[in-house]
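Enquirer: So here's target_2.pdb (PDB, C-alpha atoms).
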```
ATOM      1  CA  ASP A 402     -94.224 -27.486 -30.218  1.00  0.00           C
ATOM      2  CA  ALA A 403     -93.502 -30.292 -32.668  1.00  0.00           C
ATOM      3  CA  GLY A 404     -91.235 -32.925 -31.132  1.00  0.00           C
ATOM      4  CA  ILE A 405     -88.107 -32.426 -33.201  1.00  0.00           C
ATOM      5  CA  THR A 406     -84.609 -32.779 -31.790  1.00  0.00           C
ATOM      6  CA  GLN A 407     -81.489 -31.972 -33.768  1.00  0.00           C
ATOM      7  CA  SER A 408     -78.066 -33.127 -32.632  1.00  0.00           C
ATOM      8  CA  PRO A 409     -75.511 -31.847 -32.193  1.00  0.00           C
ATOM      9  CA  ARG A 410     -76.632 -28.224 -31.819  1.00  0.00           C
ATOM     10  CA  HIS A 411     -73.143 -26.917 -32.559  1.00  0.00           C
ATOM     11  CA  LYS A 412     -70.164 -28.520 -34.232  1.00  0.00           C
ATOM     12  CA  VAL A 413     -66.745 -27.340 -35.365  1.00  0.00           C
ATOM     13  CA  THR A 414     -64.727 -29.609 -37.585  1.00  0.00           C
ATOM     14  CA  GLU A 415     -61.967 -29.560 -40.173  1.00  0.00           C
ATOM     15  CA  THR A 416     -62.093 -29.696 -43.944  1.00  0.00           C
ATOM     16  CA  GLY A 417     -62.097 -33.242 -45.280  1.00  0.00           C
ATOM     17  CA  THR A 418     -63.630 -34.906 -42.243  1.00  0.00           C
ATOM     18  CA  PRO A 419     -66.967 -36.729 -42.368  1.00  0.00           C
ATOM     19  CA  VAL A 420     -69.854 -35.197 -40.441  1.00  0.00           C
ATOM     20  CA  THR A 421     -73.264 -36.640 -39.590  1.00  0.00           C
ATOM     21  CA  LEU A 422     -76.160 -34.599 -38.280  1.00  0.00           C
ATOM     22  CA  ARG A 423     -79.154 -36.262 -36.711  1.00  0.00           C
ATOM     23  CA  CYS A 424     -82.825 -35.310 -36.693  1.00  0.00           C
ATOM     24  CA  HIS A 425     -85.146 -37.172 -34.348  1.00  0.00           C
ATOM     25  CA  GLN A 426     -88.930 -36.728 -34.271  1.00  0.00           C
ATOM     26  CA  THR A 427     -91.566 -38.015 -31.885  1.00  0.00           C
ATOM     27  CA  GLU A 428     -94.586 -37.064 -34.043  1.00  0.00           C
ATOM     28  CA  ASN A 429     -94.582 -40.148 -36.286  1.00  0.00           C
ATOM     29  CA  HIS A 430     -94.743 -37.838 -39.324  1.00  0.00           C
ATOM     30  CA  ARG A 431     -94.106 -39.355 -42.722  1.00  0.00           C
ATOM     31  CA  TYR A 432     -92.115 -36.511 -44.267  1.00  0.00           C
ATOM     32  CA  MET A 433     -88.753 -35.229 -43.072  1.00  0.00           C
ATOM     33  CA  TYR A 434     -86.526 -32.559 -44.614  1.00  0.00           C
ATOM     34  CA  TRP A 435     -83.051 -31.093 -44.341  1.00  0.00           C
ATOM     35  CA  TYR A 436     -82.423 -27.429 -45.133  1.00  0.00           C
ATOM     36  CA  ARG A 437     -79.456 -25.118 -44.885  1.00  0.00           C
ATOM     37  CA  GLN A 438     -79.715 -21.426 -44.083  1.00  0.00           C
ATOM     38  CA  ASP A 439     -77.162 -18.981 -45.390  1.00  0.00           C
ATOM     39  CA  PRO A 440     -77.168 -15.166 -45.464  1.00  0.00           C
ATOM     40  CA  GLY A 441     -78.844 -13.848 -48.602  1.00  0.00           C
ATOM     41  CA  HIS A 442     -80.342 -17.227 -49.493  1.00  0.00           C
ATOM     42  CA  GLY A 443     -83.023 -17.948 -46.934  1.00  0.00           C
ATOM     43  CA  LEU A 444     -83.510 -21.682 -46.422  1.00  0.00           C
ATOM     44  CA  ARG A 445     -82.650 -24.099 -49.188  1.00  0.00           C
ATOM     45  CA  LEU A 446     -83.764 -27.719 -49.354  1.00  0.00           C
ATOM     46  CA  ILE A 447     -80.939 -30.285 -49.340  1.00  0.00           C
ATOM     47  CA  HIS A 448     -82.787 -33.618 -49.255  1.00  0.00           C
ATOM     48  CA  TYR A 449     -86.108 -34.883 -48.056  1.00  0.00           C
ATOM     49  CA  SER A 450     -87.700 -38.221 -47.170  1.00  0.00           C
ATOM     50  CA  TYR A 451     -91.240 -39.385 -47.817  1.00  0.00           C
ATOM     51  CA  GLY A 452     -90.935 -42.625 -45.871  1.00  0.00           C
ATOM     52  CA  VAL A 453     -88.489 -45.134 -44.451  1.00  0.00           C
ATOM     53  CA  LYS A 454     -85.713 -45.676 -46.999  1.00  0.00           C
ATOM     54  CA  ASP A 455     -87.455 -43.273 -49.433  1.00  0.00           C
ATOM     55  CA  THR A 456     -85.502 -40.088 -50.095  1.00  0.00           C
ATOM     56  CA  ASP A 457     -85.111 -37.526 -52.851  1.00  0.00           C
ATOM     57  CA  LYS A 458     -82.849 -34.623 -53.706  1.00  0.00           C
ATOM     58  CA  GLY A 459     -83.569 -30.997 -53.102  1.00  0.00           C
ATOM     59  CA  GLU A 460     -82.139 -27.804 -54.531  1.00  0.00           C
ATOM     60  CA  VAL A 461     -78.608 -28.059 -53.054  1.00  0.00           C
ATOM     61  CA  SER A 462     -77.910 -31.782 -52.652  1.00  0.00           C
ATOM     62  CA  ASP A 463     -74.338 -31.956 -54.000  1.00  0.00           C
ATOM     63  CA  GLY A 464     -71.900 -33.074 -51.293  1.00  0.00           C
ATOM     64  CA  TYR A 465     -74.644 -34.394 -49.012  1.00  0.00           C
ATOM     65  CA  SER A 466     -76.226 -37.797 -48.474  1.00  0.00           C
ATOM     66  CA  VAL A 467     -79.114 -38.852 -46.257  1.00  0.00           C
ATOM     67  CA  SER A 468     -80.509 -41.977 -44.712  1.00  0.00           C
ATOM     68  CA  ARG A 469     -83.752 -42.883 -43.033  1.00  0.00           C
ATOM     69  CA  SER A 470     -83.838 -46.367 -41.539  1.00  0.00           C
ATOM     70  CA  LYS A 471     -86.593 -45.579 -39.006  1.00  0.00           C
ATOM     71  CA  THR A 472     -89.603 -43.266 -39.151  1.00  0.00           C
ATOM     72  CA  GLU A 473     -88.270 -41.130 -36.325  1.00  0.00           C
ATOM     73  CA  ASP A 474     -84.682 -40.561 -37.513  1.00  0.00           C
ATOM     74  CA  PHE A 475     -83.306 -38.728 -40.553  1.00  0.00           C
ATOM     75  CA  LEU A 476     -79.536 -38.441 -40.878  1.00  0.00           C
ATOM     76  CA  LEU A 477     -77.616 -35.933 -42.989  1.00  0.00           C
ATOM     77  CA  THR A 478     -74.016 -36.836 -43.871  1.00  0.00           C
ATOM     78  CA  LEU A 479     -71.263 -34.700 -45.305  1.00  0.00           C
ATOM     79  CA  GLU A 480     -68.838 -37.339 -46.586  1.00  0.00           C
ATOM     80  CA  SER A 481     -65.898 -34.947 -46.797  1.00  0.00           C
ATOM     81  CA  ALA A 482     -66.746 -31.550 -45.357  1.00  0.00           C
ATOM     82  CA  THR A 483     -65.738 -28.371 -47.181  1.00  0.00           C
ATOM     83  CA  SER A 484     -65.686 -24.780 -45.959  1.00  0.00           C
ATOM     84  CA  SER A 485     -68.615 -23.964 -48.264  1.00  0.00           C
ATOM     85  CA  GLN A 486     -70.754 -26.285 -46.141  1.00  0.00           C
ATOM     86  CA  THR A 487     -70.370 -24.029 -43.115  1.00  0.00           C
ATOM     87  CA  SER A 488     -73.986 -23.146 -42.406  1.00  0.00           C
ATOM     88  CA  VAL A 489     -76.938 -23.559 -40.085  1.00  0.00           C
ATOM     89  CA  TYR A 490     -78.804 -26.770 -40.813  1.00  0.00           C
ATOM     90  CA  PHE A 491     -82.474 -27.211 -40.067  1.00  0.00           C
ATOM     91  CA  CYS A 492     -84.556 -30.348 -39.997  1.00  0.00           C
ATOM     92  CA  ALA A 493     -88.294 -30.153 -40.648  1.00  0.00           C
ATOM     93  CA  ILE A 494     -91.199 -32.576 -40.547  1.00  0.00           C
ATOM     94  CA  SER A 495     -94.712 -32.720 -41.939  1.00  0.00           C
ATOM     95  CA  ALA A 496     -97.521 -35.230 -41.645  1.00  0.00           C
ATOM     96  CA  VAL A 497     -98.423 -35.007 -45.308  1.00  0.00           C
ATOM     97  CA  GLY A 498     -96.541 -33.424 -48.169  1.00  0.00           C
ATOM     98  CA  ASP A 499     -98.648 -30.296 -48.588  1.00  0.00           C
ATOM     99  CA  GLN A 500     -99.065 -29.426 -44.938  1.00  0.00           C
ATOM    100  CA  PRO A 501     -96.933 -26.777 -43.215  1.00  0.00           C
ATOM    101  CA  GLN A 502     -93.548 -28.052 -42.216  1.00  0.00           C
ATOM    102  CA  HIS A 503     -92.419 -27.713 -38.609  1.00  0.00           C
ATOM    103  CA  PHE A 504     -88.784 -27.063 -37.872  1.00  0.00           C
ATOM    104  CA  GLY A 505     -86.210 -28.065 -35.312  1.00  0.00           C
ATOM    105  CA  ASP A 506     -83.950 -25.499 -33.674  1.00  0.00           C
ATOM    106  CA  GLY A 507     -81.017 -26.074 -35.999  1.00  0.00           C
ATOM    107  CA  THR A 508     -77.395 -27.211 -35.956  1.00  0.00           C
ATOM    108  CA  ARG A 509     -74.683 -24.613 -36.401  1.00  0.00           C
ATOM    109  CA  LEU A 510     -71.836 -26.270 -38.321  1.00  0.00           C
ATOM    110  CA  SER A 511     -68.464 -24.602 -38.816  1.00  0.00           C
ATOM    111  CA  ILE A 512     -65.881 -26.187 -41.102  1.00  0.00           C
ATOM    112  CA  LEU A 513     -62.394 -24.769 -40.759  1.00  0.00           C
TER     113      LEU A 513
ATOM    114  CA  ASP B1199     -82.240 -17.931 -60.050  1.00  0.00           C
ATOM    115  CA  GLN B1200     -84.291 -16.812 -57.058  1.00  0.00           C
ATOM    116  CA  GLN B1201     -87.870 -17.994 -57.572  1.00  0.00           C
ATOM    117  CA  VAL B1202     -89.090 -16.341 -54.352  1.00  0.00           C
ATOM    118  CA  LYS B1203     -87.805 -12.889 -53.462  1.00  0.00           C
ATOM    119  CA  GLN B1204     -88.130 -10.679 -50.444  1.00  0.00           C
ATOM    120  CA  ASN B1205     -86.625  -7.426 -51.607  1.00  0.00           C
ATOM    121  CA  SER B1206     -86.581  -5.666 -48.250  1.00  0.00           C
ATOM    122  CA  PRO B1207     -83.860  -7.090 -45.980  1.00  0.00           C
ATOM    123  CA  SER B1208     -85.181  -5.099 -43.049  1.00  0.00           C
ATOM    124  CA  LEU B1209     -88.215  -3.132 -41.879  1.00  0.00           C
ATOM    125  CA  SER B1210     -88.713  -0.955 -38.821  1.00  0.00           C
ATOM    126  CA  VAL B1211     -92.233  -0.206 -37.509  1.00  0.00           C
ATOM    127  CA  GLN B1212     -93.571   1.562 -34.472  1.00  0.00           C
ATOM    128  CA  GLU B1213     -95.440  -0.490 -31.902  1.00  0.00           C
ATOM    129  CA  GLY B1214     -99.187  -0.454 -32.526  1.00  0.00           C
ATOM    130  CA  ARG B1215     -98.874   0.382 -36.225  1.00  0.00           C
ATOM    131  CA  ILE B1216     -99.278  -1.943 -39.183  1.00  0.00           C
ATOM    132  CA  SER B1217     -96.338  -3.999 -40.445  1.00  0.00           C
ATOM    133  CA  ILE B1218     -96.436  -4.993 -44.119  1.00  0.00           C
ATOM    134  CA  LEU B1219     -93.959  -7.569 -45.407  1.00  0.00           C
ATOM    135  CA  ASN B1220     -93.760  -8.269 -49.107  1.00  0.00           C
ATOM    136  CA  CYS B1221     -92.802 -11.247 -51.240  1.00  0.00           C
ATOM    137  CA  ASP B1222     -92.630 -11.772 -55.008  1.00  0.00           C
ATOM    138  CA  TYR B1223     -92.401 -15.020 -56.932  1.00  0.00           C
ATOM    139  CA  THR B1224     -91.613 -15.912 -60.514  1.00  0.00           C
ATOM    140  CA  ASN B1225     -92.822 -19.506 -60.888  1.00  0.00           C
ATOM    141  CA  SER B1226     -96.461 -19.485 -62.035  1.00  0.00           C
ATOM    142  CA  MET B1227     -96.795 -23.137 -60.962  1.00  0.00           C
ATOM    143  CA  PHE B1228     -96.654 -22.157 -57.280  1.00  0.00           C
ATOM    144  CA  ASP B1229    -100.106 -22.479 -55.734  1.00  0.00           C
ATOM    145  CA  TYR B1230     -99.437 -22.691 -51.996  1.00  0.00           C
ATOM    146  CA  PHE B1231     -97.737 -19.971 -49.987  1.00  0.00           C
ATOM    147  CA  LEU B1232     -96.625 -19.775 -46.387  1.00  0.00           C
ATOM    148  CA  TRP B1233     -95.104 -17.305 -43.946  1.00  0.00           C
ATOM    149  CA  TYR B1234     -92.679 -18.326 -41.227  1.00  0.00           C
ATOM    150  CA  LYS B1235     -91.291 -16.313 -38.336  1.00  0.00           C
ATOM    151  CA  LYS B1236     -87.828 -16.931 -36.942  1.00  0.00           C
ATOM    152  CA  TYR B1237     -86.204 -15.821 -33.707  1.00  0.00           C
ATOM    153  CA  PRO B1238     -82.410 -16.040 -33.227  1.00  0.00           C
ATOM    154  CA  ALA B1239     -81.112 -19.509 -32.336  1.00  0.00           C
ATOM    155  CA  GLU B1240     -84.515 -21.083 -33.008  1.00  0.00           C
ATOM    156  CA  GLY B1241     -86.080 -22.807 -35.976  1.00  0.00           C
ATOM    157  CA  PRO B1242     -88.662 -21.094 -38.176  1.00  0.00           C
ATOM    158  CA  THR B1243     -92.216 -21.199 -36.837  1.00  0.00           C
ATOM    159  CA  PHE B1244     -95.191 -21.506 -39.171  1.00  0.00           C
ATOM    160  CA  LEU B1245     -97.456 -18.439 -39.093  1.00  0.00           C
ATOM    161  CA  ILE B1246    -100.052 -18.552 -41.824  1.00  0.00           C
ATOM    162  CA  SER B1247    -100.615 -19.974 -45.291  1.00  0.00           C
ATOM    163  CA  ILE B1248    -102.763 -19.334 -48.322  1.00  0.00           C
ATOM    164  CA  SER B1249    -103.807 -21.412 -51.288  1.00  0.00           C
ATOM    165  CA  SER B1250    -104.013 -19.858 -54.733  1.00  0.00           C
ATOM    166  CA  ILE B1251    -107.779 -20.351 -54.799  1.00  0.00           C
ATOM    167  CA  LYS B1252    -108.011 -17.548 -52.227  1.00  0.00           C
ATOM    168  CA  ASP B1253    -106.779 -13.973 -52.252  1.00  0.00           C
ATOM    169  CA  LYS B1254    -106.851 -13.401 -48.492  1.00  0.00           C
ATOM    170  CA  ASN B1255    -106.468 -15.415 -45.323  1.00  0.00           C
ATOM    171  CA  GLU B1256    -106.688 -14.096 -41.755  1.00  0.00           C
ATOM    172  CA  ASP B1257    -105.563 -15.474 -38.439  1.00  0.00           C
ATOM    173  CA  GLY B1258    -105.857 -13.048 -35.557  1.00  0.00           C
ATOM    174  CA  ARG B1259    -103.460 -10.145 -36.074  1.00  0.00           C
ATOM    175  CA  PHE B1260    -101.985 -11.752 -39.200  1.00  0.00           C
ATOM    176  CA  THR B1261    -103.445 -11.465 -42.696  1.00  0.00           C
ATOM    177  CA  VAL B1262    -101.875 -12.740 -45.895  1.00  0.00           C
ATOM    178  CA  PHE B1263    -102.888 -11.287 -49.254  1.00  0.00           C
ATOM    179  CA  LEU B1264    -102.200 -12.976 -52.575  1.00  0.00           C
ATOM    180  CA  ASN B1265    -102.206 -11.197 -55.941  1.00  0.00           C
ATOM    181  CA  LYS B1266    -101.752 -13.948 -58.499  1.00  0.00           C
ATOM    182  CA  SER B1267    -101.656 -11.680 -61.531  1.00  0.00           C
ATOM    183  CA  ALA B1268     -98.782  -9.732 -59.997  1.00  0.00           C
ATOM    184  CA  LYS B1269     -97.180 -12.860 -58.475  1.00  0.00           C
ATOM    185  CA  HIS B1270     -97.051 -11.012 -55.176  1.00  0.00           C
ATOM    186  CA  LEU B1271     -98.022 -11.795 -51.624  1.00  0.00           C
ATOM    187  CA  SER B1272     -97.896  -9.733 -48.483  1.00  0.00           C
ATOM    188  CA  LEU B1273     -98.206 -10.302 -44.758  1.00  0.00           C
ATOM    189  CA  HIS B1274     -99.966  -7.674 -42.653  1.00  0.00           C
ATOM    190  CA  ILE B1275     -99.529  -7.581 -38.893  1.00  0.00           C
ATOM    191  CA  VAL B1276    -101.972  -5.355 -37.037  1.00  0.00           C
ATOM    192  CA  PRO B1277    -101.287  -4.068 -34.453  1.00  0.00           C
ATOM    193  CA  SER B1278     -97.560  -4.687 -34.331  1.00  0.00           C
ATOM    194  CA  GLN B1279     -96.153  -5.756 -30.975  1.00  0.00           C
ATOM    195  CA  PRO B1280     -92.561  -5.927 -29.655  1.00  0.00           C
ATOM    196  CA  GLY B1281     -92.707  -9.730 -29.715  1.00  0.00           C
ATOM    197  CA  ASP B1282     -93.201  -9.561 -33.486  1.00  0.00           C
ATOM    198  CA  SER B1283     -89.567  -8.495 -33.886  1.00  0.00           C
ATOM    199  CA  ALA B1284     -88.048 -11.410 -35.820  1.00  0.00           C
ATOM    200  CA  VAL B1285     -87.001 -12.503 -39.282  1.00  0.00           C
ATOM    201  CA  TYR B1286     -89.942 -13.371 -41.544  1.00  0.00           C
ATOM    202  CA  PHE B1287     -89.633 -15.798 -44.441  1.00  0.00           C
ATOM    203  CA  CYS B1288     -92.142 -16.349 -47.191  1.00  0.00           C
ATOM    204  CA  ALA B1289     -92.175 -19.733 -48.907  1.00  0.00           C
ATOM    205  CA  ALA B1290     -93.942 -21.237 -51.897  1.00  0.00           C
ATOM    206  CA  SER B1291     -94.630 -24.655 -53.324  1.00  0.00           C
ATOM    207  CA  VAL B1292     -96.708 -26.555 -55.778  1.00  0.00           C
ATOM    208  CA  GLN B1293     -99.526 -28.004 -53.652  1.00  0.00           C
ATOM    209  CA  GLY B1294     -99.101 -31.684 -53.053  1.00  0.00           C
ATOM    210  CA  ALA B1295     -95.373 -31.416 -53.595  1.00  0.00           C
ATOM    211  CA  GLN B1296     -92.817 -31.493 -50.843  1.00  0.00           C
ATOM    212  CA  LYS B1297     -90.376 -28.843 -51.951  1.00  0.00           C
ATOM    213  CA  LEU B1298     -90.731 -25.472 -50.296  1.00  0.00           C
ATOM    214  CA  VAL B1299     -88.836 -22.580 -51.881  1.00  0.00           C
ATOM    215  CA  PHE B1300     -88.002 -19.805 -49.432  1.00  0.00           C
ATOM    216  CA  GLY B1301     -87.316 -16.120 -49.836  1.00  0.00           C
ATOM    217  CA  GLN B1302     -84.240 -14.516 -48.302  1.00  0.00           C
ATOM    218  CA  GLY B1303     -86.103 -13.197 -45.274  1.00  0.00           C
ATOM    219  CA  THR B1304     -86.998  -9.744 -43.915  1.00  0.00           C
ATOM    220  CA  ARG B1305     -85.890  -8.641 -40.462  1.00  0.00           C
ATOM    221  CA  LEU B1306     -88.771  -6.830 -38.745  1.00  0.00           C
ATOM    222  CA  THR B1307     -88.025  -4.578 -35.809  1.00  0.00           C
ATOM    223  CA  ILE B1308     -90.888  -3.187 -33.749  1.00  0.00           C
ATOM    224  CA  ASN B1309     -89.915  -0.021 -31.905  1.00  0.00           C
ATOM    225  CA  PRO B1310     -91.634   0.978 -28.645  1.00  0.00           C
TER     226      PRO B1310
END
```
Please rewrite the model in this file as structure tokens.

Expert:
Amino acid sequence: DAGITQSPRHKVTETGTPVTLRCHQTENHRYMYWYRQDPGHGLRLIHYSYGVKDTDKGEVSDGYSVSRSKTEDFLLTLESATSSQTSVYFCAISAVGDQPQHFGDGTRLSIL
Amino acid sequence: DQQVKQNSPSLSVQEGRISILNCDYTNSMFDYFLWYKKYPAEGPTFLISISSIKDKNEDGRFTVFLNKSAKHLSLHIVPSQPGDSAVYFCAASVQGAQKLVFGQGTRLTINP
């Protein structure tokens, strides 16, 4: 299994609070991704990173920001959480851009 | 605008028979396709992929077929086993790019 750790695994918070999710990898892969999974939508790309300090937007980036200061860590931040951001969030990694991505086990985030 | 569609939310198959999961796409630029399998409370696991230069790729019990003219791909599992019960996602991308687009998923149940 790819060495990907997501933290926390579960979080409940209130509308308007900031939330940061962490993805940590031990594979030294260049590419890292954040997805959200919602019923009826499959997985949708939020942001991705192609190197330290290099990030780009995905399909559903509004309301989210990311940072990657080290190869192994990719942070996803909800500056002011809304109920529509209640979802399961998955981090993924890949060695090169067109290779299969490998996923962490997800963070279940509930915003009340 | 769903570029990748899995029109069957669920599928039930008897153990030992063939399972066929289907996926349609609309973006003719897609040239790399993948299937992922997901168990509850885990991240998606890569199963098999196919490039648009091929029309078939096999890996053990899993075969993916690609019909470019119909913009359709399918995953065949033969023979189906109880451990195959999971949600299956198809995904597509432009090769060399980083953005995977996922279908909504199909829940496969293998009955003894």

Enquirer: Once the PyMOL selection byres ((chain B and resi 1302-1308) around 7) has been applied to the shown file, what residues remain in the selection, as a PyMOL selection string?

Expert: (chain A and resi 441-443) or (chain B and resi 1203-1204+1206-1213+1278-1280+1282-1287+1300-1301+1309-1310)

Enquirer: So that each row is one residue of chain B with an atom at most 12 Å from chain A, can you give its shortest atom pair and the distance in Å to one decimal, using only C-alpha atoms, rows by chain and rising number, as JSON lines?

Expert:
```
{"residue": "B:Asp1199", "atom": "CA", "partner": "A:His442", "partner_atom": "CA", "distance": 10.7}
{"residue": "B:Gln1200", "atom": "CA", "partner": "A:His442", "partner_atom": "CA", "distance": 8.5}
{"residue": "B:Gln1201", "atom": "CA", "partner": "A:His442", "partner_atom": "CA", "distance": 11.1}
{"residue": "B:Val1202", "atom": "CA", "partner": "A:Gly443", "partner_atom": "CA", "distance": 9.7}
{"residue": "B:Lys1203", "atom": "CA", "partner": "A:His442", "partner_atom": "CA", "distance": 9.5}
{"residue": "B:Gln1204", "atom": "CA", "partner": "A:Gly443", "partner_atom": "CA", "distance": 9.6}
{"residue": "B:Asn1205", "atom": "CA", "partner": "A:Gly441", "partner_atom": "CA", "distance": 10.5}
{"residue": "B:Ser1206", "atom": "CA", "partner": "A:Gly441", "partner_atom": "CA", "distance": 11.3}
{"residue": "B:Pro1207", "atom": "CA", "partner": "A:Gly441", "partner_atom": "CA", "distance": 8.8}
{"residue": "B:Asp1229", "atom": "CA", "partner": "A:Asp499", "partner_atom": "CA", "distance": 10.7}
{"residue": "B:Tyr1230", "atom": "CA", "partner": "A:Asp499", "partner_atom": "CA", "distance": 8.4}
{"residue": "B:Phe1231", "atom": "CA", "partner": "A:Pro501", "partner_atom": "CA", "distance": 9.6}
{"residue": "B:Leu1232", "atom": "CA", "partner": "A:Pro501", "partner_atom": "CA", "distance": 7.7}
{"residue": "B:Trp1233", "atom": "CA", "partner": "A:Pro501", "partner_atom": "CA", "distance": 9.7}
{"residue": "B:Tyr1234", "atom": "CA", "partner": "A:Pro501", "partner_atom": "CA", "distance": 9.7}
{"residue": "B:Lys1235", "atom": "CA", "partner": "A:Phe504", "partner_atom": "CA", "distance": 11.0}
{"residue": "B:Lys1236", "atom": "CA", "partner": "A:Asp506", "partner_atom": "CA", "distance": 10.0}
{"residue": "B:Tyr1237", "atom": "CA", "partner": "A:Asp506", "partner_atom": "CA", "distance": 9.9}
{"residue": "B:Pro1238", "atom": "CA", "partner": "A:Asp506", "partner_atom": "CA", "distance": 9.6}
{"residue": "B:Ala1239", "atom": "CA", "partner": "A:Asp506", "partner_atom": "CA", "distance": 6.8}
{"residue": "B:Glu1240", "atom": "CA", "partner": "A:Asp506", "partner_atom": "CA", "distance": 4.5}
{"residue": "B:Gly1241", "atom": "CA", "partner": "A:Asp506", "partner_atom": "CA", "distance": 4.1}
{"residue": "B:Pro1242", "atom": "CA", "partner": "A:Phe504", "partner_atom": "CA", "distance": 6.0}
{"residue": "B:Thr1243", "atom": "CA", "partner": "A:His503", "partner_atom": "CA", "distance": 6.8}
{"residue": "B:Phe1244", "atom": "CA", "partner": "A:His503", "partner_atom": "CA", "distance": 6.8}
{"residue": "B:Leu1245", "atom": "CA", "partner": "A:Pro501", "partner_atom": "CA", "distance": 9.3}
{"residue": "B:Ile1246", "atom": "CA", "partner": "A:Pro501", "partner_atom": "CA", "distance": 8.9}
{"residue": "B:Ser1247", "atom": "CA", "partner": "A:Pro501", "partner_atom": "CA", "distance": 8.0}
{"residue": "B:Ile1248", "atom": "CA", "partner": "A:Pro501", "partner_atom": "CA", "distance": 10.7}
{"residue": "B:Ser1249", "atom": "CA", "partner": "A:Asp499", "partner_atom": "CA", "distance": 10.6}
{"residue": "B:Val1285", "atom": "CA", "partner": "A:Gly443", "partner_atom": "CA", "distance": 10.2}
{"residue": "B:Tyr1286", "atom": "CA", "partner": "A:Gly443", "partner_atom": "CA", "distance": 9.9}
{"residue": "B:Phe1287", "atom": "CA", "partner": "A:Gly443", "partner_atom": "CA", "distance": 7.4}
{"residue": "B:Cys1288", "atom": "CA", "partner": "A:Gly443", "partner_atom": "CA", "distance": 9.3}
{"residue": "B:Ala1289", "atom": "CA", "partner": "A:Leu444", "partner_atom": "CA", "distance": 9.2}
{"residue": "B:Ala1290", "atom": "CA", "partner": "A:Pro501", "partner_atom": "CA", "distance": 10.7}
{"residue": "B:Ser1291", "atom": "CA", "partner": "A:Asp499", "partner_atom": "CA", "distance": 8.4}
{"residue": "B:Val1292", "atom": "CA", "partner": "A:Asp499", "partner_atom": "CA", "distance": 8.3}
{"residue": "B:Gln1293", "atom": "CA", "partner": "A:Asp499", "partner_atom": "CA", "distance": 5.6}
{"residue": "B:Gly1294", "atom": "CA", "partner": "A:Asp499", "partner_atom": "CA", "distance": 4.7}
{"residue": "B:Ala1295", "atom": "CA", "partner": "A:Gly498", "partner_atom": "CA", "distance": 5.9}
{"residue": "B:Gln1296", "atom": "CA", "partner": "A:Gly498", "partner_atom": "CA", "distance": 5.0}
{"residue": "B:Lys1297", "atom": "CA", "partner": "A:Leu446", "partner_atom": "CA", "distance": 7.2}
{"residue": "B:Leu1298", "atom": "CA", "partner": "A:Leu446", "partner_atom": "CA", "distance": 7.4}
{"residue": "B:Val1299", "atom": "CA", "partner": "A:Arg445", "partner_atom": "CA", "distance": 6.9}
{"residue": "B:Phe1300", "atom": "CA", "partner": "A:Leu444", "partner_atom": "CA", "distance": 5.7}
{"residue": "B:Gly1301", "atom": "CA", "partner": "A:Gly443", "partner_atom": "CA", "distance": 5.5}
{"residue": "B:Gln1302", "atom": "CA", "partner": "A:Gly443", "partner_atom": "CA", "distance": 3.9}
{"residue": "B:Gly1303", "atom": "CA", "partner": "A:Gly443", "partner_atom": "CA", "distance": 5.9}
{"residue": "B:Thr1304", "atom": "CA", "partner": "A:Gly443", "partner_atom": "CA", "distance": 9.6}
{"residue": "B:Arg1305", "atom": "CA", "partner": "A:Gly443", "partner_atom": "CA", "distance": 11.7}
```

Enquirer: When you draw a straight line from CA of Leu513 (chain A) to CA of His411 (chain A), how long is it in Å?

Expert: 13.7 Å

Enquirer: When the PyMOL selection byres ((chain A and resi 465) around 7) is applied to the structure above, which residues does it catch, written out as a VMD selection string?

Expert: chain A and resid 462 to 464 466 to 467 477 to 480

Enquirer: Determine the residue membership of the PyMOL selection byres ((chain A and resi 486) around 8) for the file above and supply it as a ChimeraX atom specification.

Expert: /A:482-485,487-488,510-512

Enquirer: Smallest atom-to-atom distance to Tyr1223 (chain B): which of B:His1274, B:Lys1252, B:Arg1259, B:Lys1266, using only C-alpha atoms?

Expert: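 The closest residue to Tyr1223 (chain B) is B:Lys1266.
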
Enquirer: Quote the spacing between CA of Gly1214 (chain B) and CA of Asn1255 (chain B) in Å to one decimal place.

Expert: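 Going from CA of Gly1214 (chain B) over to CA of Asn1255 (chain B) covers 21.0 Å.
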
Enquirer: Determine, counting only C-alpha atoms, which protein, DNA and RNA residues have an atom within 6 Å of an atom of region 423-431 of chain A; residues of the same chain fewer than 6 positions away are not included. Present the result as a ChimeraX atom specification.

Expert: /A:404-408,451-452,473-476,495-496

Enquirer: How many Å separate CA of Pro409 (chain A) from CA of Val453 (chain A)?

Expert: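 One can read the CA of Pro409 (chain A) to CA of Val453 (chain A) distance as 22.3 Å.
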
Enquirer: Pick out the closest residue to Glu1256 (chain B) from this set: B:Met1227, B:Ile1275, B:Ala1268, B:Leu1219. Count all atoms listed in the file.

Expert: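 Among the listed residues, the smallest separation from Glu1256 (chain B) belongs to B:Ile1275.
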
Enquirer: From the list A:Ser481, A:Thr456, A:Thr472, A:Thr414, which residue is nearest Trp435 (chain A) when using only C-alpha atoms?

Expert: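 Smallest distance to Trp435 (chain A) is found for A:Thr456.
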